[in-house]
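Listing of query23.txt, compact mmCIF, C-alpha atoms
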```txt
# COMPACT_ATOMS: atom_id res chain seq x y z
CA MET A 989 -1.85 4.77 26.34
CA HIS A 990 -2.95 1.11 26.53
CA ARG A 991 -6.29 2.12 28.06
CA LEU A 992 -6.88 4.61 25.23
CA LEU A 993 -6.07 2.00 22.60
CA ASP A 994 -8.42 -0.52 24.23
CA TYR A 995 -11.17 2.10 24.34
CA GLN A 996 -10.70 2.97 20.65
CA ALA A 997 -10.70 -0.71 19.66
CA ASN A 998 -13.98 -1.23 21.55
CA CYS A 999 -15.49 1.83 19.83
CA ILE A 1000 -14.57 0.47 16.42
CA GLU A 1001 -16.11 -2.91 17.18
CA MET A 1002 -19.31 -1.24 18.51
CA VAL A 1003 -19.72 0.94 15.41
CA LEU A 1004 -19.24 -2.00 13.05
CA HIS A 1005 -21.62 -4.21 15.05
CA SER A 1006 -24.32 -1.51 15.13
CA HIS A 1007 -24.15 -1.27 11.31
CA LYS A 1008 -24.46 -5.05 10.93
CA THR A 1009 -20.83 -5.56 9.89
CA PRO A 1010 -19.48 -7.32 13.01
CA SER A 1011 -15.70 -7.53 13.18
CA ARG A 1012 -13.02 -8.16 15.78
CA VAL A 1013 -10.02 -5.90 16.42
CA TRP A 1014 -7.14 -8.25 17.22
CA GLY A 1015 -4.01 -6.09 17.00
CA GLY A 1016 -2.47 -2.84 15.85
CA THR A 1017 0.53 -0.58 15.51
CA VAL A 1018 1.30 2.85 16.96
CA THR A 1019 3.27 5.10 14.56
CA PRO A 1020 4.51 8.71 14.95
CA ARG A 1021 1.43 10.06 13.13
CA PHE A 1022 -1.41 7.53 13.45
CA VAL A 1023 -2.64 4.36 15.13
CA GLN A 1024 -3.33 1.38 12.88
CA PHE A 1025 -5.90 -1.15 14.12
CA GLN A 1026 -6.06 -4.58 12.48
CA LEU A 1027 -9.40 -6.31 12.35
CA THR A 1028 -11.03 -9.46 11.01
CA PRO A 1029 -14.61 -9.17 9.72
CA TRP A 1030 -17.06 -11.99 10.21
CA PRO A 1031 -17.57 -14.33 7.24
CA GLY A 1032 -19.77 -12.84 4.54
CA ILE A 1033 -18.97 -9.19 5.36
CA LYS A 1034 -18.02 -7.25 2.22
CA LEU A 1035 -14.98 -4.99 2.35
CA ASN A 1036 -16.80 -2.10 0.64
CA ARG A 1037 -19.30 -1.98 3.50
CA LEU A 1038 -16.44 -1.56 5.97
CA LYS A 1039 -14.84 1.19 3.85
CA ASN A 1040 -18.14 3.08 3.69
CA LEU A 1041 -18.20 3.26 7.51
CA SER A 1042 -14.96 5.24 7.83
CA GLU A 1043 -16.79 8.48 8.69
CA GLU A 1044 -18.93 6.75 11.34
CA ILE A 1045 -15.79 5.29 12.94
CA ALA A 1046 -14.08 8.70 12.91
CA LEU A 1047 -17.13 10.29 14.56
CA SER A 1048 -17.24 7.71 17.34
CA LEU A 1049 -13.54 8.23 18.07
CA GLY A 1050 -13.71 12.02 17.89
CA SER A 1051 -11.13 11.94 15.11
CA PRO A 1052 -10.97 14.30 12.09
CA SER A 1053 -10.65 11.35 9.71
CA CYS A 1054 -10.32 7.58 9.44
CA ARG A 1055 -8.94 5.32 6.72
CA VAL A 1056 -10.15 1.74 6.13
CA TYR A 1057 -8.30 -0.43 3.62
CA ARG A 1058 -7.08 -3.94 2.93
CA GLN A 1059 -3.39 -4.76 2.79
CA GLY A 1060 -2.68 -8.39 1.98
CA GLY A 1061 -4.99 -10.52 4.07
CA VAL A 1062 -5.54 -7.89 6.77
CA VAL A 1063 -8.11 -5.10 7.07
CA ASN A 1064 -6.60 -1.97 8.61
CA VAL A 1065 -8.31 0.96 10.30
CA GLU A 1066 -6.02 4.00 10.59
CA VAL A 1067 -6.79 6.84 12.99
CA PRO A 1068 -4.64 10.00 13.34
CA ARG A 1069 -3.00 10.52 16.72
CA SER A 1070 -4.01 13.59 18.69
CA THR A 1071 -0.33 14.41 19.23
CA SER A 1072 1.98 13.51 16.36
CA HIS A 1073 5.74 13.11 16.54
CA THR A 1074 8.27 14.30 13.98
CA VAL A 1075 10.89 11.84 12.74
CA HIS A 1076 14.13 13.85 12.71
CA LEU A 1077 16.74 12.81 10.15
CA LEU A 1078 19.98 13.44 12.06
CA PRO A 1079 19.08 11.40 15.18
CA LEU A 1080 17.75 8.66 12.89
CA CYS A 1081 21.05 8.55 10.96
CA GLU A 1082 22.99 8.30 14.21
CA ARG A 1083 20.99 5.18 15.14
CA LEU A 1084 21.89 3.36 11.92
CA ALA A 1085 24.89 1.09 12.30
CA HIS A 1086 25.50 0.92 8.54
CA ILE A 1087 24.05 2.64 5.48
CA PRO A 1088 24.91 1.00 2.13
CA PRO A 1089 26.59 3.21 -0.51
CA HIS A 1090 24.38 5.32 -2.79
CA SER A 1091 21.40 4.89 -0.45
CA ALA A 1092 19.08 7.68 0.69
CA VAL A 1093 17.28 7.59 4.05
CA LEU A 1094 13.52 8.09 3.64
CA GLY A 1095 12.06 7.68 7.14
CA LEU A 1096 10.26 5.07 9.25
CA ASP A 1097 7.64 2.57 8.12
CA GLU A 1098 4.54 1.66 10.10
CA ARG A 1099 6.51 -0.68 12.38
CA GLY A 1100 9.24 1.87 13.11
CA VAL A 1101 11.76 0.24 10.75
CA PRO A 1102 13.98 2.71 8.83
CA ILE A 1103 13.47 2.70 5.06
CA LEU A 1104 16.43 3.30 2.74
CA LEU A 1105 16.32 3.70 -1.04
CA ARG A 1106 19.28 2.22 -2.92
CA LEU A 1107 19.45 4.25 -6.14
CA PRO A 1108 21.62 1.93 -8.34
CA SER A 1109 19.17 -0.95 -7.92
CA PRO A 1110 17.47 -1.97 -11.19
CA GLU A 1111 14.10 -1.64 -9.42
CA VAL A 1112 14.81 1.97 -8.43
CA ALA A 1113 16.86 3.93 -11.00
CA HIS A 1114 14.68 7.11 -10.94
CA VAL A 1115 12.25 8.40 -8.31
CA LEU A 1116 9.12 10.55 -8.61
CA ILE A 1117 7.88 12.41 -5.51
CA ALA A 1118 4.23 13.44 -5.94
CA GLY A 1119 1.70 15.21 -3.76
CA THR A 1120 -0.19 18.44 -3.22
CA THR A 1121 1.17 21.58 -1.57
CA GLY A 1122 1.81 20.79 2.09
CA SER A 1123 2.35 17.08 1.56
CA GLY A 1124 6.09 17.40 2.22
CA LYS A 1125 7.55 16.79 -1.27
CA THR A 1126 10.38 19.31 -1.01
CA ALA A 1127 11.12 18.35 2.61
CA LEU A 1128 11.47 14.69 1.58
CA ALA A 1129 13.78 15.64 -1.29
CA ARG A 1130 15.91 17.67 1.15
CA THR A 1131 16.05 14.67 3.47
CA MET A 1132 17.32 12.48 0.62
CA ILE A 1133 19.95 15.07 -0.38
CA ALA A 1134 21.24 15.46 3.18
CA SER A 1135 21.42 11.71 3.85
CA LEU A 1136 23.27 11.05 0.57
CA ALA A 1137 25.80 13.78 1.38
CA LEU A 1138 26.31 12.61 4.97
CA HIS A 1139 26.96 8.96 4.13
CA ASN A 1140 28.73 9.05 0.76
CA ARG A 1141 32.04 10.48 -0.34
CA GLN A 1142 32.32 12.83 -3.29
CA GLY A 1143 33.96 10.00 -5.18
CA GLU A 1144 30.78 7.95 -4.63
CA VAL A 1145 27.90 10.43 -5.03
CA GLN A 1146 27.73 13.89 -6.55
CA LEU A 1147 24.66 16.09 -6.79
CA VAL A 1148 22.97 18.44 -9.24
CA LEU A 1149 20.16 20.54 -7.70
CA ILE A 1150 17.61 22.17 -10.03
CA ASP A 1151 15.25 24.53 -8.23
CA PRO A 1152 13.04 26.56 -10.61
CA LYS A 1153 11.41 28.40 -7.70
CA GLY A 1154 14.76 29.22 -6.07
CA GLN A 1155 13.62 28.34 -2.53
CA GLY A 1156 13.46 24.62 -1.79
CA PHE A 1157 17.14 23.74 -2.11
CA ALA A 1158 18.68 27.12 -1.18
CA PRO A 1159 20.11 25.93 2.20
CA PHE A 1160 22.36 23.45 0.34
CA GLN A 1161 24.31 26.19 -1.43
CA GLY A 1162 28.01 25.43 -0.91
CA LEU A 1163 27.53 21.72 -0.23
CA PRO A 1164 30.81 20.03 -1.28
CA HIS A 1165 29.00 17.29 -3.19
CA LEU A 1166 27.42 19.78 -5.60
CA LEU A 1167 28.74 19.74 -9.16
CA GLY A 1168 27.95 23.44 -9.38
CA PRO A 1169 25.77 26.17 -7.89
CA ILE A 1170 22.08 25.43 -7.42
CA VAL A 1171 20.39 25.99 -10.79
CA ASP A 1172 17.33 28.26 -10.76
CA ASP A 1173 17.62 30.22 -14.02
CA PRO A 1174 15.47 28.69 -16.82
CA GLN A 1175 18.12 29.19 -19.52
CA GLU A 1176 20.83 27.73 -17.31
CA VAL A 1177 18.62 24.70 -16.55
CA VAL A 1178 18.57 23.69 -20.22
CA ALA A 1179 22.34 24.18 -20.49
CA VAL A 1180 22.95 21.98 -17.44
CA LEU A 1181 20.66 19.26 -18.78
CA HIS A 1182 22.61 19.24 -22.04
CA ARG A 1183 25.88 18.91 -20.10
CA LEU A 1184 24.43 15.98 -18.20
CA VAL A 1185 23.45 14.30 -21.47
CA GLN A 1186 27.02 14.81 -22.74
CA GLU A 1187 28.40 13.33 -19.53
CA MET A 1188 26.08 10.33 -19.93
CA GLU A 1189 27.26 9.79 -23.50
CA ASN A 1190 30.93 10.08 -22.46
CA ARG A 1191 30.39 7.52 -19.73
CA ASP A 1192 28.68 5.18 -22.17
CA ARG A 1193 31.69 5.36 -24.48
CA CYS A 1194 34.14 4.83 -21.62
CA LYS A 1195 31.89 2.19 -19.98
CA VAL A 1196 32.02 3.82 -16.53
CA ASN A 1197 29.23 4.66 -14.07
CA GLN A 1198 31.06 6.14 -11.09
CA PRO A 1199 30.70 8.38 -9.21
CA ARG A 1200 26.92 8.31 -9.18
CA ILE A 1201 25.32 11.62 -10.17
CA VAL A 1202 21.90 12.30 -8.64
CA ILE A 1203 19.83 15.09 -10.20
CA PHE A 1204 17.17 16.57 -7.91
CA ILE A 1205 14.39 18.70 -9.43
CA ASP A 1206 12.14 20.55 -6.99
CA GLU A 1207 9.19 21.05 -9.37
CA LEU A 1208 9.21 19.06 -12.57
CA ALA A 1209 6.09 20.71 -14.03
CA ASP A 1210 7.63 24.19 -13.69
CA LEU A 1211 10.79 22.96 -15.38
CA MET A 1212 8.83 21.52 -18.30
CA LEU A 1213 6.89 24.79 -18.61
CA VAL A 1214 9.88 27.13 -18.69
CA GLY A 1215 12.30 24.76 -20.43
CA GLY A 1216 9.92 23.70 -23.18
CA LYS A 1217 10.57 20.95 -25.69
CA GLU A 1218 14.33 21.24 -25.35
CA ALA A 1219 14.24 20.46 -21.62
CA GLU A 1220 11.75 17.61 -22.14
CA THR A 1221 13.98 16.01 -24.78
CA ALA A 1222 17.07 16.17 -22.56
CA LEU A 1223 15.18 14.82 -19.55
CA THR A 1224 13.74 11.97 -21.60
CA ARG A 1225 17.21 10.89 -22.71
CA LEU A 1226 18.54 11.08 -19.15
CA ILE A 1227 15.65 9.03 -17.77
CA GLN A 1228 15.79 6.38 -20.48
CA ARG A 1229 19.57 5.86 -20.54
CA GLY A 1230 20.92 7.46 -17.38
CA ARG A 1231 20.88 4.51 -14.97
CA GLY A 1232 23.48 2.52 -16.87
CA ALA A 1233 25.82 5.52 -16.85
CA GLY A 1234 25.31 6.18 -13.15
CA LEU A 1235 22.88 9.11 -13.47
CA HIS A 1236 19.67 9.10 -11.40
CA LEU A 1237 16.78 11.54 -11.37
CA VAL A 1238 14.68 12.44 -8.32
CA ALA A 1239 11.84 14.77 -9.34
CA CYS A 1240 9.02 16.42 -7.39
CA THR A 1241 5.67 17.28 -8.91
CA GLN A 1242 2.16 18.11 -7.75
CA LYS A 1243 0.28 16.16 -10.44
CA PRO A 1244 2.27 13.62 -12.47
CA THR A 1245 -0.02 13.41 -15.50
CA ALA A 1246 1.17 13.16 -19.09
CA ALA A 1247 -0.76 16.35 -19.89
CA VAL A 1248 1.23 18.30 -17.28
CA ILE A 1249 4.77 16.97 -17.60
CA GLY A 1250 4.76 15.04 -20.85
CA SER A 1251 4.81 11.36 -21.63
CA LEU A 1252 8.13 10.57 -19.93
CA VAL A 1253 6.46 9.74 -16.61
CA LYS A 1254 4.37 6.67 -17.37
CA SER A 1255 7.01 3.94 -17.54
CA ASN A 1256 10.25 5.67 -16.55
CA PHE A 1257 9.77 6.21 -12.80
CA PRO A 1258 9.63 2.71 -11.28
CA VAL A 1259 9.62 4.13 -7.73
CA ARG A 1260 7.09 6.72 -6.60
CA LEU A 1261 6.86 8.45 -3.24
CA VAL A 1262 3.27 9.67 -2.98
CA GLY A 1263 2.10 12.21 -0.43
CA SER A 1264 -1.41 13.51 0.22
CA VAL A 1265 -3.55 14.21 -2.85
CA THR A 1266 -7.04 15.63 -3.30
CA SER A 1267 -9.02 12.74 -4.80
CA PRO A 1268 -8.94 8.99 -5.53
CA GLU A 1269 -8.37 9.82 -9.20
CA ASP A 1270 -5.28 11.87 -8.36
CA ALA A 1271 -4.09 9.08 -6.06
CA LYS A 1272 -4.31 6.58 -8.92
CA VAL A 1273 -2.44 8.92 -11.29
CA ALA A 1274 0.30 9.69 -8.74
CA SER A 1275 0.91 6.10 -7.64
CA GLY A 1276 0.00 4.24 -10.81
CA LEU A 1277 -2.17 1.94 -8.68
CA ALA A 1278 -5.84 1.94 -7.69
CA GLY A 1279 -6.98 1.68 -4.08
CA THR A 1280 -3.87 3.01 -2.32
CA GLY A 1281 -5.90 5.55 -0.32
CA ALA A 1282 -3.38 8.33 -0.88
CA GLU A 1283 -6.26 10.83 -0.84
CA ARG A 1284 -6.59 10.12 2.90
CA LEU A 1285 -2.95 10.67 3.81
CA MET A 1286 -2.44 13.35 6.44
CA GLY A 1287 0.26 15.46 4.75
CA ARG A 1288 3.42 16.83 6.37
CA GLY A 1289 5.56 13.81 5.55
CA ASP A 1290 2.89 11.09 5.47
CA PHE A 1291 3.87 9.13 2.32
CA LEU A 1292 3.36 5.93 0.40
CA LEU A 1293 6.33 4.12 -1.13
CA VAL A 1294 5.15 2.52 -4.39
CA CYS A 1295 7.43 -0.02 -6.07
CA LYS A 1296 6.80 -3.02 -8.34
CA GLY A 1297 3.03 -2.85 -7.96
CA GLN A 1298 3.13 -2.80 -4.17
CA TRP A 1299 2.98 0.04 -1.70
CA GLU A 1300 3.89 0.75 1.91
CA ARG A 1301 3.16 3.72 4.12
CA PHE A 1302 5.95 5.59 5.90
CA GLN A 1303 6.64 8.80 7.79
CA ALA A 1304 9.32 10.84 6.05
CA ALA A 1305 12.27 11.99 8.11
CA TYR A 1306 12.67 15.75 8.47
CA ILE A 1307 15.68 18.08 8.49
CA SER A 1308 15.22 21.81 9.06
CA GLY A 1309 16.87 24.59 7.11
CA GLU A 1310 19.07 25.48 10.09
CA GLU A 1311 20.21 21.86 10.39
CA ILE A 1312 21.02 21.76 6.67
CA VAL A 1313 23.20 24.86 7.02
CA GLU A 1314 25.06 23.20 9.92
CA VAL A 1315 25.52 19.99 7.90
CA VAL A 1316 26.91 21.95 4.95
CA ARG A 1317 29.29 23.86 7.22
CA GLY A 1318 30.45 20.64 8.85
CA LEU A 1319 31.08 18.99 5.48
CA GLN A 1320 33.04 22.01 4.29
CA GLU A 1321 35.22 22.11 7.39
CA GLY A 1322 35.72 18.42 8.05
CA GLY A 1323 35.93 16.87 4.59
CA ARG A 1324 38.65 15.30 2.51
CA GLN A 1325 39.52 15.74 -1.15
CA GLY A 1326 37.12 13.97 -3.51
CA SER A 1327 36.84 13.13 -7.19
CA ARG A 1328 37.78 16.03 -9.49
CA ARG A 1329 37.12 14.84 -13.02
CA THR A 1330 33.33 14.68 -12.81
CA ARG A 1331 33.07 18.07 -11.10
CA ARG A 1332 35.20 19.86 -13.68
CA TRP A 1333 32.72 19.57 -16.56
CA LEU A 1334 30.10 21.58 -14.69
CA THR A 1335 32.07 23.75 -12.26
CA GLU A 1336 34.76 25.33 -14.43
CA GLY A 1337 35.16 28.92 -13.39
CA THR A 1338 32.99 28.70 -10.29
CA GLY A 1339 35.89 28.53 -7.86
CA MET A 1340 33.97 26.17 -5.58
CA LYS A 1341 36.04 24.20 -3.09
CA LYS A 1342 36.32 20.46 -3.60
CA LYS A 1343 36.03 18.75 -0.26
CA GLN A 1344 35.01 15.32 0.91
CA ALA A 1345 32.07 14.36 3.07
CA PHE A 1346 32.46 13.04 6.58
CA LEU A 1347 30.51 10.39 8.42
CA PRO A 1348 28.88 11.40 11.71
CA ARG A 1349 29.71 9.48 14.84
CA LEU A 1350 27.32 6.63 15.47
CA LYS A 1351 26.16 6.86 19.07
CA GLU A 1352 24.11 3.71 19.15
CA LYS A 1353 23.26 0.80 16.90
CA LEU A 1354 19.78 0.24 15.65
CA THR A 1355 18.18 -2.76 17.28
CA ARG A 1356 15.39 -3.19 14.72
CA PRO A 1357 16.00 -4.52 11.22
CA LEU A 1358 16.83 -2.21 8.35
CA LYS A 1359 14.53 -2.12 5.32
CA LEU A 1360 16.39 -1.52 2.07
CA VAL A 1361 14.39 -0.89 -1.08
CA LYS A 1362 16.41 -2.42 -3.88
```

Mind turning this structure into structure tokens?
Amino acid sequence: MHRLLDYQANCIEMVLHSHKTPSRVWGGTVTPRFVQFQLTPWPGIKLNRLKNLSEEIALSLGSPSCRVYRQGGVVNVEVPRSTSHTVHLLPLCERLAHIPPHSAVLGLDERGVPILLRLPSPEVAHVLIAGTTGSGKTALARTMIASLALHNRQGEVQLVLIDPKGQGFAPFQGLPHLLGPIVDDPQEVVAVLHRLVQEMENRDRCKVNQPRIVIFIDELADLMLVGGKEAETALTRLIQRGRGAGLHLVACTQKPTAAVIGSLVKSNFPVRLVGSVTSPEDAKVASGLAGTGAERLMGRGDFLLVCKGQWERFQAAYISGEEIVEVVRGLQEGGRQGSRRTRRWLTEGTGMKKKQAFLPRLKEKLTRPLKLVK
């Protein structure tokens, strides 16, 4: 491996030197999906000239693509690995010595440090997951749902799953943390959103915000299309006032433009998880920032975390449908009684069991630091 990395670093330096942009590769990082080389250009070399040589670098390395960008005071050259490695959620959770309440596991950053998203933080509140088909939007949402259920009791976190397509969240049917069955009927979606608005108003009057209710929407654009103005109005109220009442929205969409999903997106999603997109223009729309390079992401869980005007690349953790079914069965069989009041408003007449989540055994402690987005 070290010989291959040295060879690739030499190739990069040779390409840059031959195009009169001499630079020195002085370090790098190996991630599950790509290798990141860090280089320092000679004085007077313009960054745009280096970016324009990405195809030449990829050709010299025999790679399908290459990404050149600046992050802070460092110029990075990212090259996909010939053999990628999947980050599996359940083994990753077992490595974590402690996960703070109301926090969802996202995956590993470029240095192999686990990234967690703490939903009640003022800098988080609501999350938008954006990217084209195949970027891993639904898989990342499923990872967040599973990690919240595994590491929080029903009295801490309860879930509402809205799945207009009826496929993405289906394995979670019967999860004890659900406030009701997975919602896929357009008329029922609007009714559920109205109930959530009523719950938010009741909490505001009573000045309570527990347990946290997290609403996951698999495709926000489809919901806006079938739900119309009524759904948009309810969603807008939830997004604008929900955080103080303990309600958080996590929504997936392919193209988060105002023309597609209304005007509620621009300032109401402080955290965005951006997967692969088709063009620099789409990358700017999805992330709200220029120059992130999201159009060069490799898909299948390769994401950017965008928060407070900064961004960081990470590989999303993955949980399969079969593993989700096993997790749901384990929570049903091994749980304890949880909070009843919040469930009752949405689950009257469903006959769903009310059971409490369990924590998996921790086999080993994580030796690297834990990154908590808050």

Using all atoms listed in the file, pick whichever of A:Arg1055, A:His1007, A:His1165, A:Arg1037 has the shortest atom-to-atom distance to Val1316 of chain A.
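Counting all atoms listed in the file, the residue closest to Val1316 of chain A is A:His1165.
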
Please compute the atom CA of Phe1291 of chain A-atom CA of His1139 of chain A distance, one decimal, in Å.
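Answer for the atom CA of Phe1291 of chain A to atom CA of His1139 of chain A separation: 23.2 Å.
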
With all atoms listed in the file as the basis for distance, which of A:Gln1320, A:Arg1021, A:Ile1000, A:Met1212 is at the shortest distance from Ser1042 of chain A?
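Looking only at the distances to Ser1042 of chain A, the closest residue turns out to be A:Ile1000.
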
Atom pair atom CA of Glu1314 of chain A / atom CA of Thr1074 of chain A: separation (Å):
19.4 Å

I want to know what sits within 10 Å of Arg1229 of chain A, based on all atoms listed in the file, with residues of the same chain fewer than 4 positions away left out; could you give that as an mmCIF file with C-alpha atoms, in the coordinates of the input?
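Generated file (part.cif):
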```
data_model
loop_
_atom_site.group_PDB
_atom_site.id
_atom_site.type_symbol
_atom_site.label_atom_id
_atom_site.label_comp_id
_atom_site.auth_asym_id
_atom_site.auth_seq_id
_atom_site.Cartn_x
_atom_site.Cartn_y
_atom_site.Cartn_z
ATOM 1 C CA VAL A 1185 23.450 14.300 -21.470
ATOM 2 C CA MET A 1188 26.080 10.330 -19.930
ATOM 3 C CA GLU A 1189 27.260 9.790 -23.500
ATOM 4 C CA ASP A 1192 28.680 5.180 -22.170
ATOM 5 C CA THR A 1224 13.740 11.970 -21.600
ATOM 6 C CA ARG A 1225 17.210 10.890 -22.710
ATOM 7 C CA ALA A 1233 25.820 5.520 -16.850
ATOM 8 C CA GLY A 1234 25.310 6.180 -13.150
ATOM 9 C CA LEU A 1235 22.880 9.110 -13.470
ATOM 10 C CA HIS A 1236 19.670 9.100 -11.400
#
```

Return the single residue from A:Ile1117, A:Ile1312, A:Val1065, A:Val1003 that is closest to Val1023 of chain A, with distances computed using only C-alpha atoms.
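Selected residue with least distance to Val1023 of chain A: A:Val1065.
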
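When only C-alpha atoms are used to measure the gap to Glu1176 of chain A, the shortest distance among A:Leu1096, A:His1086, A:Ile1150, A:Leu1027 belongs to A:Ile1150.
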
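Closest approach to Arg1058 of chain A among A:Val1115, A:Ile1170, A:Gly1281, A:Ala1305: A:Gly1281, based on all atoms listed in the file.
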
For the atom pair atom CA of Arg1130 of chain A and atom CA of Ile1087 of chain A, what is the interatomic distance in Å to one decimal place?
17.6 Å

Minimum-distance residue to Ser1275 of chain A, chosen among A:Gln1026, A:Gln1298, A:Asn1256, A:Ser1006 (using all atoms listed in the file):
A:Gln1298

Please provide the set of residues having any atom within 12 Å of Lys1125 of chain A, restricted to only C-alpha atoms, with same-chain residues fewer than 2 positions apart removed, written as a VMD selection string.
chain A and resid 1094 1115 to 1123 1127 to 1132 1156 to 1157 1204 to 1208 1238 to 1243 1260 to 1265 1287 to 1292 1304 to 1306

I'd like the neighbourhood of Thr1019 of chain A as a count of residues only, where a residue qualifies if any of its atoms comes within 7 Å (using only C-alpha atoms), though same-chain residues fewer than 6 positions away should be ignored.
3
